[in-house]
Each structure stands twice: as C-alpha cells, then as structure tokens.
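Trainee: So that you have it, the file is entry-v6.txt, and it contains compact mmCIF, C-alpha atoms:
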```txt
# COMPACT_ATOMS: atom_id res chain seq x y z
CA MET J 688 0.00 0.00 0.00
CA THR J 689 1.51 3.31 -1.03
CA THR J 690 1.26 6.17 1.41
CA ILE J 691 -1.54 8.57 0.62
CA SER J 692 -0.75 12.14 1.56
CA GLY J 693 -2.97 13.36 4.40
CA TYR J 694 -4.87 10.11 4.67
CA GLU J 695 -5.13 9.64 8.43
CA TYR J 696 -7.73 6.93 8.74
CA GLU J 697 -6.16 5.33 11.80
CA THR J 698 -5.30 8.62 13.50
CA VAL J 699 -8.76 9.94 14.27
CA THR J 700 -10.75 7.71 16.51
CA THR J 701 -13.44 9.82 18.12
CA SER J 702 -16.72 10.52 16.42
CA PRO J 703 -19.33 12.98 17.65
CA VAL J 704 -21.89 10.79 15.87
CA THR J 705 -22.99 7.67 17.71
CA PRO J 706 -23.50 4.21 16.18
CA GLU J 707 -27.20 4.63 17.05
CA GLU J 708 -27.37 7.83 15.02
CA LEU J 709 -25.69 6.02 12.15
CA GLN J 710 -28.31 3.28 12.36
CA LEU J 711 -31.10 5.85 12.02
CA LEU J 712 -29.36 7.41 9.05
CA LYS J 713 -29.04 4.00 7.42
CA ALA J 714 -32.76 3.44 7.95
CA SER J 715 -33.48 6.88 6.47
CA VAL J 716 -31.72 5.99 3.21
CA LEU J 717 -33.09 2.42 3.28
CA PHE J 718 -29.62 0.94 3.58
CA GLY J 719 -29.85 -2.72 4.57
CA PRO J 720 -27.79 -5.93 4.48
CA ALA J 721 -28.44 -6.42 0.75
CA ASP J 722 -26.90 -2.99 0.12
CA GLU J 723 -23.90 -3.92 2.21
CA ALA J 724 -23.31 -6.94 -0.03
CA ALA J 725 -23.93 -4.96 -3.22
CA LEU J 726 -21.56 -2.23 -2.06
CA ARG J 727 -18.80 -4.79 -1.48
CA GLN J 728 -19.41 -6.03 -5.02
CA ALA J 729 -19.23 -2.45 -6.29
CA GLY J 730 -15.91 -2.12 -4.51
CA GLU J 731 -14.54 -5.15 -6.34
CA VAL J 732 -15.80 -3.83 -9.67
CA LEU J 733 -14.45 -0.32 -9.13
CA ALA J 734 -11.11 -1.34 -7.60
CA ASN J 735 -9.20 -1.44 -10.88
CA GLN J 736 -11.09 1.50 -12.43
CA ILE J 737 -10.52 4.07 -9.70
CA GLU J 738 -8.22 6.29 -11.75
CA ASP J 739 -10.78 6.32 -14.58
CA VAL J 740 -13.57 7.28 -12.17
CA LEU J 741 -11.40 10.06 -10.77
CA ASP J 742 -10.66 11.28 -14.29
CA VAL J 743 -14.40 11.72 -14.84
CA TRP J 744 -14.92 13.48 -11.51
CA TYR J 745 -11.91 15.74 -11.94
CA GLY J 746 -13.03 16.49 -15.50
CA PHE J 747 -16.40 17.57 -14.13
CA ILE J 748 -14.95 19.69 -11.33
CA GLY J 749 -12.29 21.15 -13.61
CA SER J 750 -14.84 22.25 -16.19
CA HIS J 751 -16.88 24.30 -13.70
CA HIS J 752 -15.33 27.47 -12.37
CA HIS J 753 -17.34 27.46 -9.12
CA LEU J 754 -16.16 23.92 -8.31
CA ARG J 755 -12.59 24.38 -9.53
CA ALA J 756 -12.43 27.45 -7.29
CA GLN J 757 -12.43 25.20 -4.22
CA PHE J 758 -8.99 24.00 -5.32
CA SER J 759 -7.70 27.40 -6.43
CA GLY J 760 -5.27 29.73 -4.73
CA PRO J 761 -5.52 33.47 -4.14
CA ASP J 762 -4.45 34.08 -7.77
CA GLY J 763 -7.49 32.15 -8.99
CA GLU J 764 -5.39 29.36 -10.44
CA PRO J 765 -5.93 25.74 -9.38
CA VAL J 766 -3.19 24.55 -7.02
CA SER J 767 -2.00 21.35 -8.64
CA ARG J 768 -0.33 20.08 -5.47
CA TYR J 769 -3.71 20.42 -3.72
CA LEU J 770 -5.60 18.71 -6.53
CA ASP J 771 -3.13 15.83 -6.54
CA ALA J 772 -3.19 15.31 -2.78
CA VAL J 773 -6.99 15.31 -2.64
CA ARG J 774 -7.10 12.94 -5.59
CA GLY J 775 -5.19 10.29 -3.71
CA ARG J 776 -7.61 10.47 -0.81
CA PHE J 777 -10.65 10.68 -3.09
CA GLY J 778 -9.66 7.38 -4.71
CA GLN J 779 -9.06 5.78 -1.35
CA TRP J 780 -12.49 7.07 -0.25
CA ILE J 781 -14.15 5.00 -2.99
CA TRP J 782 -12.49 1.91 -1.61
CA ASP J 783 -13.19 2.85 2.01
CA THR J 784 -16.87 3.41 1.22
CA CYS J 785 -17.26 -0.01 -0.33
CA GLU J 786 -14.89 -2.16 1.69
CA ARG J 787 -14.47 -0.74 5.19
CA PRO J 788 -16.81 -1.73 7.99
CA TRP J 789 -18.93 1.27 8.98
CA ASP J 790 -17.75 1.13 12.56
CA GLU J 791 -16.72 3.82 15.03
CA GLN J 792 -13.39 4.39 13.34
CA TRP J 793 -15.13 4.85 10.01
CA LEU J 794 -17.54 7.27 11.67
CA ALA J 795 -14.63 9.19 13.16
CA TYR J 796 -13.03 9.51 9.75
CA GLN J 797 -16.33 10.69 8.25
CA ASN J 798 -16.21 13.49 10.78
CA GLU J 799 -12.66 14.29 9.73
CA ILE J 800 -13.72 14.39 6.06
CA GLY J 801 -16.57 16.74 6.97
CA LEU J 802 -14.23 19.05 8.88
CA ARG J 803 -11.86 19.16 5.92
CA HIS J 804 -14.62 20.78 3.86
CA THR J 805 -15.18 23.56 6.39
CA PRO J 806 -13.15 26.47 7.81
CA TYR J 807 -12.10 24.19 10.69
CA LYS J 808 -9.77 22.15 8.56
CA LYS J 809 -9.95 22.91 4.84
CA ASN J 810 -6.49 23.55 3.31
CA ARG J 811 -4.75 22.60 6.54
CA THR J 812 -3.93 18.99 5.74
CA ASP J 813 -2.28 19.94 2.47
CA ARG J 814 -0.90 23.28 3.68
CA VAL J 815 -2.37 25.27 0.83
CA GLU J 816 -4.04 28.63 0.52
CA SER J 817 -7.47 28.25 -1.03
CA THR J 818 -11.15 28.99 -0.32
CA THR J 819 -12.07 28.82 3.37
CA HIS J 820 -14.69 26.09 2.84
CA VAL J 821 -16.61 24.13 0.25
CA PRO J 822 -20.05 25.79 0.15
CA LEU J 823 -22.57 23.49 1.79
CA ARG J 824 -24.84 23.66 -1.26
CA TYR J 825 -22.18 22.23 -3.56
CA LEU J 826 -21.35 19.45 -1.15
CA ILE J 827 -24.99 18.38 -1.41
CA ALA J 828 -25.38 19.04 -5.13
CA LEU J 829 -22.37 16.87 -5.94
CA ILE J 830 -24.36 13.85 -4.77
CA TYR J 831 -25.74 13.79 -8.29
CA PRO J 832 -22.57 13.65 -10.40
CA ILE J 833 -20.73 11.46 -7.87
CA THR J 834 -23.49 8.87 -8.09
CA ALA J 835 -24.68 9.06 -11.70
CA THR J 836 -21.20 8.89 -13.22
CA VAL J 837 -20.40 5.59 -11.55
CA ARG J 838 -22.92 3.56 -13.50
CA PRO J 839 -20.90 3.04 -16.71
CA PHE J 840 -18.03 1.71 -14.59
CA LEU J 841 -20.32 -0.71 -12.80
CA GLU J 842 -21.69 -1.84 -16.16
CA LYS J 843 -18.20 -2.70 -17.37
CA SER J 844 -18.23 -5.56 -14.85
CA GLY J 845 -20.40 -7.58 -17.20
CA ARG J 846 -22.74 -8.41 -14.32
CA THR J 847 -26.47 -8.68 -14.90
CA ALA J 848 -28.60 -5.55 -15.11
CA ASP J 849 -30.14 -6.41 -11.75
CA GLU J 850 -26.73 -6.69 -10.13
CA VAL J 851 -25.62 -3.40 -11.66
CA ASP J 852 -28.81 -1.77 -10.36
CA ALA J 853 -28.17 -3.14 -6.89
CA MET J 854 -24.58 -1.89 -6.88
CA GLN J 855 -25.68 1.50 -8.19
CA GLU J 856 -28.40 1.92 -5.55
CA SER J 857 -26.13 0.85 -2.71
CA TRP J 858 -23.53 3.36 -3.91
CA ARG J 859 -26.19 6.07 -4.10
CA LYS J 860 -27.38 5.38 -0.56
CA ALA J 861 -23.79 5.28 0.71
CA VAL J 862 -22.96 8.65 -0.84
CA ILE J 863 -26.13 10.36 0.38
CA LEU J 864 -25.56 8.99 3.88
CA GLN J 865 -21.96 10.17 3.93
CA VAL J 866 -22.83 13.64 2.67
CA ALA J 867 -25.38 13.82 5.49
CA LEU J 868 -22.57 12.93 7.92
CA TRP J 869 -20.17 15.46 6.37
CA THR J 870 -22.62 18.33 6.84
CA ARG J 871 -22.44 18.07 10.63
CA PRO J 872 -19.64 20.60 11.18
CA TYR J 873 -21.52 23.11 9.01
CA ALA J 874 -24.38 23.21 11.51
CA PRO J 875 -23.66 21.02 14.55
CA GLY J 876 -26.67 22.32 16.47
CA PRO J 877 -29.53 21.61 14.09
CA TRP J 878 -27.69 18.71 12.47
CA MET K 1308 -58.10 24.80 -7.22
CA THR K 1309 -58.81 24.00 -3.59
CA THR K 1310 -57.12 26.09 -0.97
CA ILE K 1311 -54.11 24.40 0.57
CA SER K 1312 -53.56 25.27 4.21
CA GLY K 1313 -50.40 27.29 4.71
CA TYR K 1314 -49.46 27.24 1.04
CA GLU K 1315 -48.26 30.80 0.45
CA TYR K 1316 -46.56 30.57 -2.90
CA GLU K 1317 -47.55 34.04 -4.04
CA THR K 1318 -46.94 35.67 -0.66
CA VAL K 1319 -43.20 35.36 -0.39
CA THR K 1320 -41.33 37.10 -3.14
CA THR K 1321 -37.82 37.75 -1.92
CA SER K 1322 -35.11 35.15 -2.14
CA PRO K 1323 -31.68 35.43 -0.57
CA VAL K 1324 -30.47 33.17 -3.37
CA THR K 1325 -29.79 34.83 -6.70
CA PRO K 1326 -30.73 33.46 -10.13
CA GLU K 1327 -26.99 33.23 -10.83
CA GLU K 1328 -26.50 31.02 -7.78
CA LEU K 1329 -29.39 28.86 -8.98
CA GLN K 1330 -27.69 28.52 -12.36
CA LEU K 1331 -24.52 27.24 -10.69
CA LEU K 1332 -26.54 24.76 -8.66
CA LYS K 1333 -28.25 23.54 -11.82
CA ALA K 1334 -24.85 23.04 -13.43
CA SER K 1335 -23.65 21.19 -10.31
CA VAL K 1336 -26.44 18.61 -10.62
CA LEU K 1337 -26.17 18.54 -14.43
CA PHE K 1338 -29.69 19.91 -14.84
CA GLY K 1339 -30.21 21.03 -18.44
CA PRO K 1340 -33.01 21.76 -20.92
CA ALA K 1341 -33.64 18.04 -21.51
CA ASP K 1342 -34.26 17.64 -17.78
CA GLU K 1343 -36.67 20.53 -17.84
CA ALA K 1344 -38.70 18.77 -20.52
CA ALA K 1345 -38.50 15.40 -18.75
CA LEU K 1346 -39.57 16.99 -15.49
CA ARG K 1347 -42.65 18.50 -17.15
CA GLN K 1348 -43.46 15.03 -18.44
CA ALA K 1349 -42.99 13.60 -14.95
CA GLY K 1350 -45.41 16.21 -13.70
CA GLU K 1351 -48.05 15.04 -16.18
CA VAL K 1352 -47.49 11.42 -15.24
CA LEU K 1353 -47.58 12.07 -11.49
CA ALA K 1354 -50.50 14.54 -11.55
CA ASN K 1355 -53.21 11.93 -11.03
CA GLN K 1356 -51.11 9.72 -8.73
CA ILE K 1357 -50.11 12.32 -6.15
CA GLU K 1358 -52.18 10.83 -3.33
CA ASP K 1359 -50.65 7.42 -4.00
CA VAL K 1360 -47.14 8.87 -3.93
CA LEU K 1361 -47.95 10.63 -0.66
CA ASP K 1362 -49.29 7.38 0.78
CA VAL K 1363 -45.91 5.78 0.13
CA TRP K 1364 -43.98 8.70 1.61
CA TYR K 1365 -46.23 8.97 4.65
CA GLY K 1366 -46.01 5.22 5.10
CA PHE K 1367 -42.24 5.50 5.13
CA ILE K 1368 -42.16 8.44 7.55
CA GLY K 1369 -44.83 6.89 9.74
CA SER K 1370 -42.93 3.64 10.10
CA HIS K 1371 -39.78 5.30 11.45
CA HIS K 1372 -39.91 6.80 14.89
CA HIS K 1373 -37.15 9.35 14.28
CA LEU K 1374 -38.99 10.69 11.22
CA ARG K 1375 -42.48 10.50 12.68
CA ALA K 1376 -41.14 12.48 15.64
CA GLN K 1377 -40.89 15.57 13.44
CA PHE K 1378 -44.69 15.57 13.31
CA SER K 1379 -45.21 14.63 16.94
CA GLY K 1380 -46.32 16.75 19.85
CA PRO K 1381 -44.86 17.00 23.35
CA ASP K 1382 -46.73 13.79 24.28
CA GLY K 1383 -44.83 11.90 21.59
CA GLU K 1384 -47.95 11.27 19.55
CA PRO K 1385 -48.16 12.40 15.90
CA VAL K 1386 -50.31 15.50 15.51
CA SER K 1387 -52.77 14.52 12.81
CA ARG K 1388 -53.74 18.10 12.04
CA TYR K 1389 -50.07 18.81 11.38
CA LEU K 1390 -49.61 15.71 9.23
CA ASP K 1391 -52.67 16.60 7.18
CA ALA K 1392 -51.69 20.23 6.62
CA VAL K 1393 -48.18 19.29 5.53
CA ARG K 1394 -49.59 16.59 3.26
CA GLY K 1395 -51.53 19.12 1.24
CA ARG K 1396 -48.43 21.21 0.67
CA PHE K 1397 -46.25 18.15 0.03
CA GLY K 1398 -48.54 17.11 -2.81
CA GLN K 1399 -48.56 20.61 -4.22
CA TRP K 1400 -44.77 20.61 -4.00
CA ILE K 1401 -44.59 17.67 -6.42
CA TRP K 1402 -46.59 19.66 -8.92
CA ASP K 1403 -44.64 22.88 -8.28
CA THR K 1404 -41.34 21.05 -8.77
CA CYS K 1405 -42.38 19.69 -12.14
CA GLU K 1406 -44.57 22.42 -13.55
CA ARG K 1407 -43.56 25.81 -12.12
CA PRO K 1408 -40.88 27.89 -13.79
CA TRP K 1409 -37.83 28.05 -11.55
CA ASP K 1410 -37.90 31.82 -11.38
CA GLU K 1411 -37.39 34.28 -8.54
CA GLN K 1412 -40.77 33.56 -7.01
CA TRP K 1413 -39.99 29.86 -7.03
CA LEU K 1414 -36.64 30.60 -5.43
CA ALA K 1415 -38.34 32.72 -2.77
CA TYR K 1416 -40.70 29.87 -1.95
CA GLN K 1417 -37.78 27.44 -1.75
CA ASN K 1418 -36.37 29.70 0.93
CA GLU K 1419 -39.71 29.62 2.72
CA ILE K 1420 -39.75 25.80 2.57
CA GLY K 1421 -36.23 25.73 3.99
CA LEU K 1422 -37.18 28.04 6.85
CA ARG K 1423 -40.16 25.86 7.69
CA HIS K 1424 -37.79 23.00 8.47
CA THR K 1425 -35.77 25.08 10.94
CA PRO K 1426 -36.39 26.80 14.29
CA TYR K 1427 -37.17 30.01 12.36
CA LYS K 1428 -40.49 28.76 11.11
CA LYS K 1429 -41.18 25.09 11.85
CA ASN K 1430 -44.61 24.55 13.47
CA ARG K 1431 -45.55 28.20 13.01
CA THR K 1432 -47.51 27.93 9.79
CA ASP K 1433 -49.71 25.20 11.23
CA ARG K 1434 -49.69 26.51 14.82
CA VAL K 1435 -48.61 23.22 16.32
CA GLU K 1436 -46.23 22.21 19.06
CA SER K 1437 -43.65 19.80 17.74
CA THR K 1438 -39.87 19.40 17.38
CA THR K 1439 -38.00 22.68 16.90
CA HIS K 1440 -36.53 21.63 13.56
CA VAL K 1441 -36.07 18.76 11.15
CA PRO K 1442 -32.49 17.60 11.76
CA LEU K 1443 -30.34 18.61 8.80
CA ARG K 1444 -29.10 15.05 8.36
CA TYR K 1445 -32.59 13.67 7.79
CA LEU K 1446 -33.44 16.42 5.32
CA ILE K 1447 -30.47 15.23 3.26
CA ALA K 1448 -31.01 11.51 3.84
CA LEU K 1449 -34.60 11.72 2.64
CA ILE K 1450 -33.29 12.49 -0.84
CA TYR K 1451 -33.05 8.74 -1.23
CA PRO K 1452 -36.60 7.62 -0.44
CA ILE K 1453 -38.17 10.71 -2.04
CA THR K 1454 -36.43 9.91 -5.31
CA ALA K 1455 -36.33 6.11 -5.41
CA THR K 1456 -40.00 5.63 -4.56
CA VAL K 1457 -41.18 7.69 -7.51
CA ARG K 1458 -39.98 5.25 -10.15
CA PRO K 1459 -42.92 2.78 -10.02
CA PHE K 1460 -45.31 5.70 -10.51
CA LEU K 1461 -43.36 6.94 -13.50
CA GLU K 1462 -43.39 3.42 -14.93
CA LYS K 1463 -47.17 3.31 -14.73
CA SER K 1464 -47.23 5.90 -17.51
CA GLY K 1465 -46.49 3.18 -20.04
CA ARG K 1466 -43.75 5.33 -21.55
CA THR K 1467 -40.57 3.76 -22.88
CA ALA K 1468 -37.82 2.74 -20.47
CA ASP K 1469 -35.67 5.59 -21.80
CA GLU K 1470 -38.42 8.11 -21.11
CA VAL K 1471 -38.94 6.74 -17.61
CA ASP K 1472 -35.19 6.97 -16.99
CA ALA K 1473 -35.16 10.57 -18.18
CA MET K 1474 -38.11 11.49 -15.93
CA GLN K 1475 -36.52 9.71 -12.98
CA GLU K 1476 -33.15 11.42 -13.41
CA SER K 1477 -34.73 14.86 -13.84
CA TRP K 1478 -36.73 14.27 -10.65
CA ARG K 1479 -33.59 13.17 -8.83
CA LYS K 1480 -31.67 16.26 -9.88
CA ALA K 1481 -34.62 18.49 -8.97
CA VAL K 1482 -34.89 17.01 -5.47
CA ILE K 1483 -31.15 17.18 -4.76
CA LEU K 1484 -31.06 20.78 -5.97
CA GLN K 1485 -34.02 21.76 -3.80
CA VAL K 1486 -32.61 20.06 -0.71
CA ALA K 1487 -29.41 22.03 -1.33
CA LEU K 1488 -31.53 25.21 -1.39
CA TRP K 1489 -33.45 24.23 1.75
CA THR K 1490 -30.27 23.79 3.77
CA ARG K 1491 -29.42 27.48 3.51
CA PRO K 1492 -31.13 28.61 6.73
CA TYR K 1493 -29.33 25.84 8.63
CA ALA K 1494 -25.96 27.42 7.87
CA PRO K 1495 -26.35 30.68 5.93
CA GLY K 1496 -22.67 31.60 6.31
CA PRO K 1497 -20.94 28.57 4.83
CA TRP K 1498 -23.91 27.73 2.60
```
Let me see the structure of the file written as structure tokens.
Mentor:
Amino acid sequence: MTTISGYEYETVTTSPVTPEELQLLKASVLFGPADEAALRQAGEVLANQIEDVLDVWYGFIGSHHHLRAQFSGPDGEPVSRYLDAVRGRFGQWIWDTCERPWDEQWLAYQNEIGLRHTPYKKNRTDRVESTTHVPLRYLIALIYPITATVRPFLEKSGRTADEVDAMQESWRKAVILQVALWTRPYAPGPW
Amino acid sequence: MTTISGYEYETVTTSPVTPEELQLLKASVLFGPADEAALRQAGEVLANQIEDVLDVWYGFIGSHHHLRAQFSGPDGEPVSRYLDAVRGRFGQWIWDTCERPWDEQWLAYQNEIGLRHTPYKKNRTDRVESTTHVPLRYLIALIYPITATVRPFLEKSGRTADEVDAMQESWRKAVILQVALWTRPYAPGPW
C-alpha cells in the first residue's frame, strides 16, 4: 500500500456521531444488508477503475469554475499540489466506502472528512491557501454527479442488469448517507 | 383549485439566493433543458397519482420513529392536524417542482420551505407544538426515499424505459437541488 498524503484513517478515533445515530441514518436511506453486499461487489468492480472514475470526476470539477475554485489559490489558479493530494484520498475514499466496515473508526473519519470541507480544517492537511470552505450547497449538489457517473463503470463488470442496479443503488445510498454525515460541522446544532 | 392550508406561494417574493446562484446549482447537478422537458413530463405522469405517492412517503415516515417524531407533539404522539396540513403542501410541491418555472418567485418559496424545516419557522404555519426543527441530516437523507419511490409511478405511464429513466433522473436532480436550497437557513454563512 503506497502512502496517501494526508490520509489519516487510523489517526482519528473519536466521532461525535454515535452508532445509534448512524443506524437511524441507514434506515433513512433504506440501507440494509443487501446494500452492504452490493456495495462490497461495487468495490470489487471499481477497484481497478478508480483512476478512470477520478478522471471523470476531476473532469467535471475542472470544467466548472465554481467547483474548480475550491482548489484554487488566491491568484485564482488551481493549485496542482492540492488537486493531486486530494485525488489520492478521493480514490481511497471509494475503496473505504465499499470495503471498510462502517464502525466507530469509520464514523470518526467521516467526521474528519466533513471538517476538511469547512473552515475548521480545509487547506490545513495539504498546507495550501485556497477557499475557506466548500459551500454546503455544492457538497450536497455533488451527490448527483458522484453517483450518476459511476454507473458506466459498474456496467463494465459484465454483471447482470439487476446486479448493476443493486450496486448503483447501494452506492447512491452510501454517498447520500456520507454527505449527510459530512454536513455536521456546518451546523452542529440543528444537524 | 382547492385552498391548501399554509401554502403561500404568491406571498413570499424575496429570495436570498440569486438566479446566478441557482444557475450554478443547476450546473452542479447537471440539470439542463432536456431535464426541464423530462420533469414536465414527470409532472403530467404524477398529476393523477399524487395521493398514491404521498401514501408511500407517509407510510415511510410513519414507520420510522425518528422521522415521525418531526410531526409529533410534546406527548410523543403524531399531531394529525399537522400531518394533514403538511400533506396538502407536500402534494402541491410535487406539482410545483415539475410544472412551475424556476424563477425568482420559485426561489423565494424554496427559501420559505427551507425556513419551515428550521427553528425560524417550523410549526408556526400550522400553529402546532412539535420538534423545533427537522435535523439537517434527515433532510439530506430523505433524498433517497423521495427519489427512489417515484420510479414505479413513473413506470405506470407506459412510456418507454428511456423516457422513464429521463423522468426519474430529472426528478432526482430536482430534489437534490431543492434540498441544497433548503439547507441554507441551517448554515447561511458557509452555505
């Protein structure tokens, strides 16, 4: 396993979100045991396509000024060191989503990911100067591209249409649930 | 048109969100002219099934304590007057989503809907005593059930699979975009 810059999965261990709260979130997105199995399958299918998935996502972000801006420095130019560092973690996140148990350590790292989108921690991990935070609205809006774009890669597995559907839906639920977790530091009170 | 309790679409006219910000949100969820057309079609298909859709949604909310609680009074029992009033507006919201132009008045009413989920305005419209706010995480999580459950109703239209897919995706984008708008009063600063 190569070292991923700023990937501190084992370092953070405390989550402000309880396992019980996670259970209620799972119920809210209808995430059940069948999704867990389908998500593992999705992980297997995506494992050797992660760079291609990231190419699509980075292409999308790069082609929209308001999204690219979240990686840009005070001169308005994207900071390539920042883009590269996040890319490594973004790829690992795909794997983590599909293959890690959603236990307390996973929950703690979800909190860390959330913080890294807000003024509490954005830019800090990679020691860059960029926007203070990812606007909450874009964090939520990106649920769409981050879920819809995965389908062609799942289809490449040659699995049946039903299996692809199951993988796609489990991925969709997993992303929505994680975005819900990541929004906590934006509004801890009413979260 | 029957009067819908607390439905004040024409009353609110000022939106803190600009049309330019809406454009960027549309781009973020890949919402384009083809989606606009598909969403109109979805509106036609759903128009005479709205009560059935609401039955499914209310069944889902009703079967989960943490969701039902948002409609419950201090005694922990659901307030049926509250459920009924919201139901009328919820049904109208389906139609508004599909058939209204997304102009400044629409934006202003999105803001109103957002406020009605938060301590600023929850319970007020219907003069009920219930939870102070809908937790932000559930607002986001409900993207899943509110989008996935619509498919069978779209399929009943007898349209081609491609048309159903297009309607479904346009609905998905529309819901994600609106949830993004509704989160503004939860965190106006970093929104």
Trainee: Neighbouring residues of Arg1434 (chain K) were defined as those with any atom within 10 Å, considering all atoms listed in the file; residues of the same chain fewer than 3 positions away were excluded. Please report them as a PyMOL selection string.
Mentor: chain K and resi 1388-1389+1429-1431+1437
Trainee: Give the answer as one residue: which of K:Glu1317, K:Asp1410, K:Asp1362, K:Asp1472 has the shortest atom-to-atom distance to chain J, using only C-alpha atoms?
Mentor: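 Checking each candidate against chain J, we get K:Asp1472 as the closest.
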Trainee: Can you pull out the residues contacting Gln1377 (chain K)? Cut-off 10 Å, using only C-alpha atoms, and skip same-chain residues under 4 positions away; I want them as an MDAnalysis selection string.
Mentor: chainID K and resid 1368 1372:1373 1383 1385:1386 1389:1390 1424 1429:1430 1437:1442
Trainee: Nearest to chain K among J:Phe758, J:Phe840, J:Trp780, J:Tyr825, with distances taken over all atoms listed in the file: which residue is it?
Mentor: J:Tyr825
Trainee: Might you pull out every residue within 10 Å of Pro1452 (chain K), with all atoms listed in the file counted and same-chain residues fewer than 2 positions away left off, and present them as a ChimeraX atom specification?
Mentor: /J:715-717,860 /K:1363-1364,1367-1368,1448-1450,1454-1457
Trainee: Please determine, counting all atoms listed in the file, which residue among K:Pro1323, K:Tyr1451, K:Arg1423, K:Trp1489 has the shortest atom-to-atom distance to chain J.
Mentor: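 When distances to chain J are compared using all atoms listed in the file, the smallest one comes from K:Tyr1451.
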Trainee: Give the answer as one residue: which of K:Arg1479, K:Arg1375, K:Arg1444, K:Arg1466 has the shortest atom-to-atom distance to chain J, using all atoms listed in the file?
Mentor: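 Counting all atoms listed in the file, the residue closest to chain J is K:Arg1444.
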Trainee: Between CA of Asp813 (chain J) and CA of Glu731 (chain J), what is the distance in Å, rounded to a tenth?
Mentor: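 The value is 29.3 Å.
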Trainee: Measuring between only C-alpha atoms, which one of J:Ala795, J:Gly775, J:Gln855, J:Ala874 shows the shortest distance to Thr705 (chain J)?
Mentor: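 Residue with the minimum atom-to-atom distance to Thr705 (chain J): J:Ala795.
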Trainee: What does the distance between CA of Pro877 (chain J) and CA of Tyr807 (chain J) come to in Å, to one decimal place?
Mentor: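 Taking CA of Pro877 (chain J) and CA of Tyr807 (chain J), their separation equals 17.9 Å.
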Trainee: Considering all atoms listed in the file, can you say which of K:Gln1356, K:Thr1310, K:Thr1404, K:Ser1322 comes closest to Val1482 (chain K)?
Mentor: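 Nearest candidate to Val1482 (chain K) out of K:Gln1356, K:Thr1310, K:Thr1404, K:Ser1322: K:Thr1404.
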Trainee: For Thr1432 (chain K), work out the shell of residues within 10 Å, counting all atoms listed in the file and skipping chain neighbours fewer than 3 positions away, then give it as a compact mmCIF listing (two decimals) with C-alpha atoms, keeping the file's coordinate frame.
Mentor:
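Full text of part-v5.txt as output:
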```txt
# COMPACT_ATOMS: atom_id res chain seq x y z
CA SER K 1312 -53.56 25.27 4.21
CA GLY K 1313 -50.40 27.29 4.71
CA TYR K 1314 -49.46 27.24 1.04
CA GLU K 1315 -48.26 30.80 0.45
CA TYR K 1389 -50.07 18.81 11.38
CA ALA K 1392 -51.69 20.23 6.62
CA VAL K 1393 -48.18 19.29 5.53
CA ARG K 1423 -40.16 25.86 7.69
CA LYS K 1428 -40.49 28.76 11.11
CA LYS K 1429 -41.18 25.09 11.85
CA VAL K 1435 -48.61 23.22 16.32
```
